[in-house]
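Colleague: First the structure, which I've put down as structure tokens, then a few questions once you've had a look.
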Amino acid sequence: MSVQMVLLPVFVQIGLTFALLIGMVFGRRKALVSGETKIRDIALGEPNWPKGATQIANCYRNQFELPVLFYALIALALPLRHADLFIVLMSWVFVVSRFAHAGVFVTSNDLGRRSTVWLAGVLVLLAMWIYFALKILLLI
């Protein structure tokens, strides 16, 4: 697999993270400008943002949890030359699951649907790690 093919899903995942960051900034700025939130209410990190801004912020923060294992896998698989077609295809499935998760998170925030999509991403990532570990340990 080419480096570009392996890294494209990583770049797309990073794009999602930056999009959520920008959405969080705009949501928080709107809350401050409208007066819905006062600076004194959040100055020490208190969680006093409106619901919408909190949803986006929580979704943004979530991009530094499970996706870290994805980044680590790609960072190891690429230089070790174990980033094959399976890893690339599963990377795309994982990234699509992250977009679906973020979509639910910042809209309806339906915990049942959000959890189901999150679990799908976890299982895909787990399969990727098991496959990678077997390739390294068993040299398959």
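The chains in the structure tokens are called A, B, ... from first to last as shown; in each chain the residues are counted from 1, and the ligands are counted from 1 in the order shown.
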Write out as JSON, numbers by chain each polymer residue whose atoms come within 10 Å of Gly23 in chain A, counting only C-alpha atoms; drop sequence neighbours fewer than 5 positions from it.
Modeller: {"A": [17, 18, 28, 29, 53, 56, 57, 60, 106]}
Colleague: Compile the contact shell of Lys38 in chain A as a list of chain:residue names: residues with an atom at most 10 Å away, counting only C-alpha atoms, same-chain residues fewer than 5 positions apart removed.
Modeller: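 Neighbouring residues, sequence-local ones excluded: A:Ala31, A:Leu32, A:Val33, A:Ala43, A:Asn48, A:Trp49.
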Colleague: Env of Arg61 in chain A: 12 Å cut, atoms = only C-alpha atoms, seq-sep filter 5 positions within chain, self excluded. Answer as a ChimeraX atom specification.
Modeller: /A:16-18,20-21,24,54-56,66-68,102,105
Colleague: For N, CA and C atoms, I'd like the residues from the last selection saved as an mmCIF file, in the first residue's frame.
Modeller:
data_model
loop_
_atom_site.group_PDB
_atom_site.id
_atom_site.type_symbol
_atom_site.label_atom_id
_atom_site.label_comp_id
_atom_site.auth_asym_id
_atom_site.auth_seq_id
_atom_site.Cartn_x
_atom_site.Cartn_y
_atom_site.Cartn_z
ATOM 1 N N LEU A 16 -11.900 15.737 10.833
ATOM 2 C CA LEU A 16 -13.073 15.701 11.717
ATOM 3 C C LEU A 16 -12.755 16.363 13.048
ATOM 4 N N THR A 17 -11.585 16.082 13.590
ATOM 5 C CA THR A 17 -11.196 16.660 14.877
ATOM 6 C C THR A 17 -11.129 18.183 14.786
ATOM 7 N N PHE A 18 -10.510 18.692 13.729
ATOM 8 C CA PHE A 18 -10.432 20.143 13.567
ATOM 9 C C PHE A 18 -11.808 20.766 13.317
ATOM 10 N N LEU A 20 -14.629 19.718 14.515
ATOM 11 C CA LEU A 20 -15.285 19.785 15.827
ATOM 12 C C LEU A 20 -14.689 20.883 16.690
ATOM 13 N N LEU A 21 -13.382 21.073 16.613
ATOM 14 C CA LEU A 21 -12.737 22.161 17.352
ATOM 15 C C LEU A 21 -13.298 23.508 16.914
ATOM 16 N N MET A 24 -16.792 23.903 18.143
ATOM 17 C CA MET A 24 -16.797 24.200 19.577
ATOM 18 C C MET A 24 -16.493 25.682 19.808
ATOM 19 N N THR A 54 -21.774 22.285 24.728
ATOM 20 C CA THR A 54 -21.230 21.180 25.517
ATOM 21 C C THR A 54 -21.177 19.896 24.700
ATOM 22 N N GLN A 55 -22.207 19.644 23.905
ATOM 23 C CA GLN A 55 -22.213 18.445 23.057
ATOM 24 C C GLN A 55 -21.023 18.459 22.105
ATOM 25 N N ILE A 56 -20.796 19.578 21.450
ATOM 26 C CA ILE A 56 -19.686 19.663 20.495
ATOM 27 C C ILE A 56 -18.359 19.542 21.227
ATOM 28 N N LEU A 66 -10.512 7.157 21.900
ATOM 29 C CA LEU A 66 -10.383 5.987 21.024
ATOM 30 C C LEU A 66 -9.500 6.240 19.791
ATOM 31 N N PRO A 67 -9.618 7.370 19.104
ATOM 32 C CA PRO A 67 -8.770 7.570 17.921
ATOM 33 C C PRO A 67 -7.264 7.548 18.201
ATOM 34 N N VAL A 68 -6.859 7.764 19.434
ATOM 35 C CA VAL A 68 -5.428 7.694 19.758
ATOM 36 C C VAL A 68 -4.894 6.287 19.463
ATOM 37 N N ALA A 102 -19.820 11.084 15.690
ATOM 38 C CA ALA A 102 -19.845 12.548 15.866
ATOM 39 C C ALA A 102 -21.183 13.125 15.409
ATOM 40 N N PHE A 105 -23.599 12.441 18.093
ATOM 41 C CA PHE A 105 -23.188 13.167 19.301
ATOM 42 C C PHE A 105 -23.625 14.633 19.249
#
Colleague: Excluding Val95 in chain A and any residue of its chain fewer than 5 positions from it, enumerate the residues within 9 Å of it, using only C-alpha atoms, and give them as a ChimeraX atom specification.
Modeller: /A:9-10,12-13,67,90,100,121
Colleague: Would you compute the distance between CA of Gly45 in chain A and CA of Ala19 in chain A? Give it in Å to one decimal.
Modeller: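 According to the coordinates, CA of Gly45 in chain A and CA of Ala19 in chain A are separated by 22.0 Å.
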Colleague: Hey, what's within 12 Å of Leu76 in chain A if we count only C-alpha atoms and toss same-chain stuff fewer than 2 positions away? As a ChimeraX atom specification, please?
Modeller: /A:6,69-74,78-83,87,129,132-133,136
Colleague: Name the residues of range 2-62 of chain A that come out as helix (DSSP H, G or I) in a backbone DSSP run; write them as number ranges by chain.
Modeller: A: 3-34, 39-42, 51-62
Colleague: When you draw a straight line from CA of Ser97 in chain A to CA of Phe11 in chain A, how long is it in Å?
Modeller: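 Separating CA of Ser97 in chain A from CA of Phe11 in chain A is a distance of 14.9 Å.
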Colleague: One decimal, Å: what's the distance from CA of Ala120 in chain A over to CA of Val104 in chain A, could you say?
Modeller: 13.7 Å
Colleague: Return the single residue from A:Leu119, A:Leu111, A:Leu139, A:Val88 that is closest to Ser2 in chain A, with distances computed using only C-alpha atoms.
Modeller: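 Using only C-alpha atoms, Ser2 in chain A sits closest to A:Val88.
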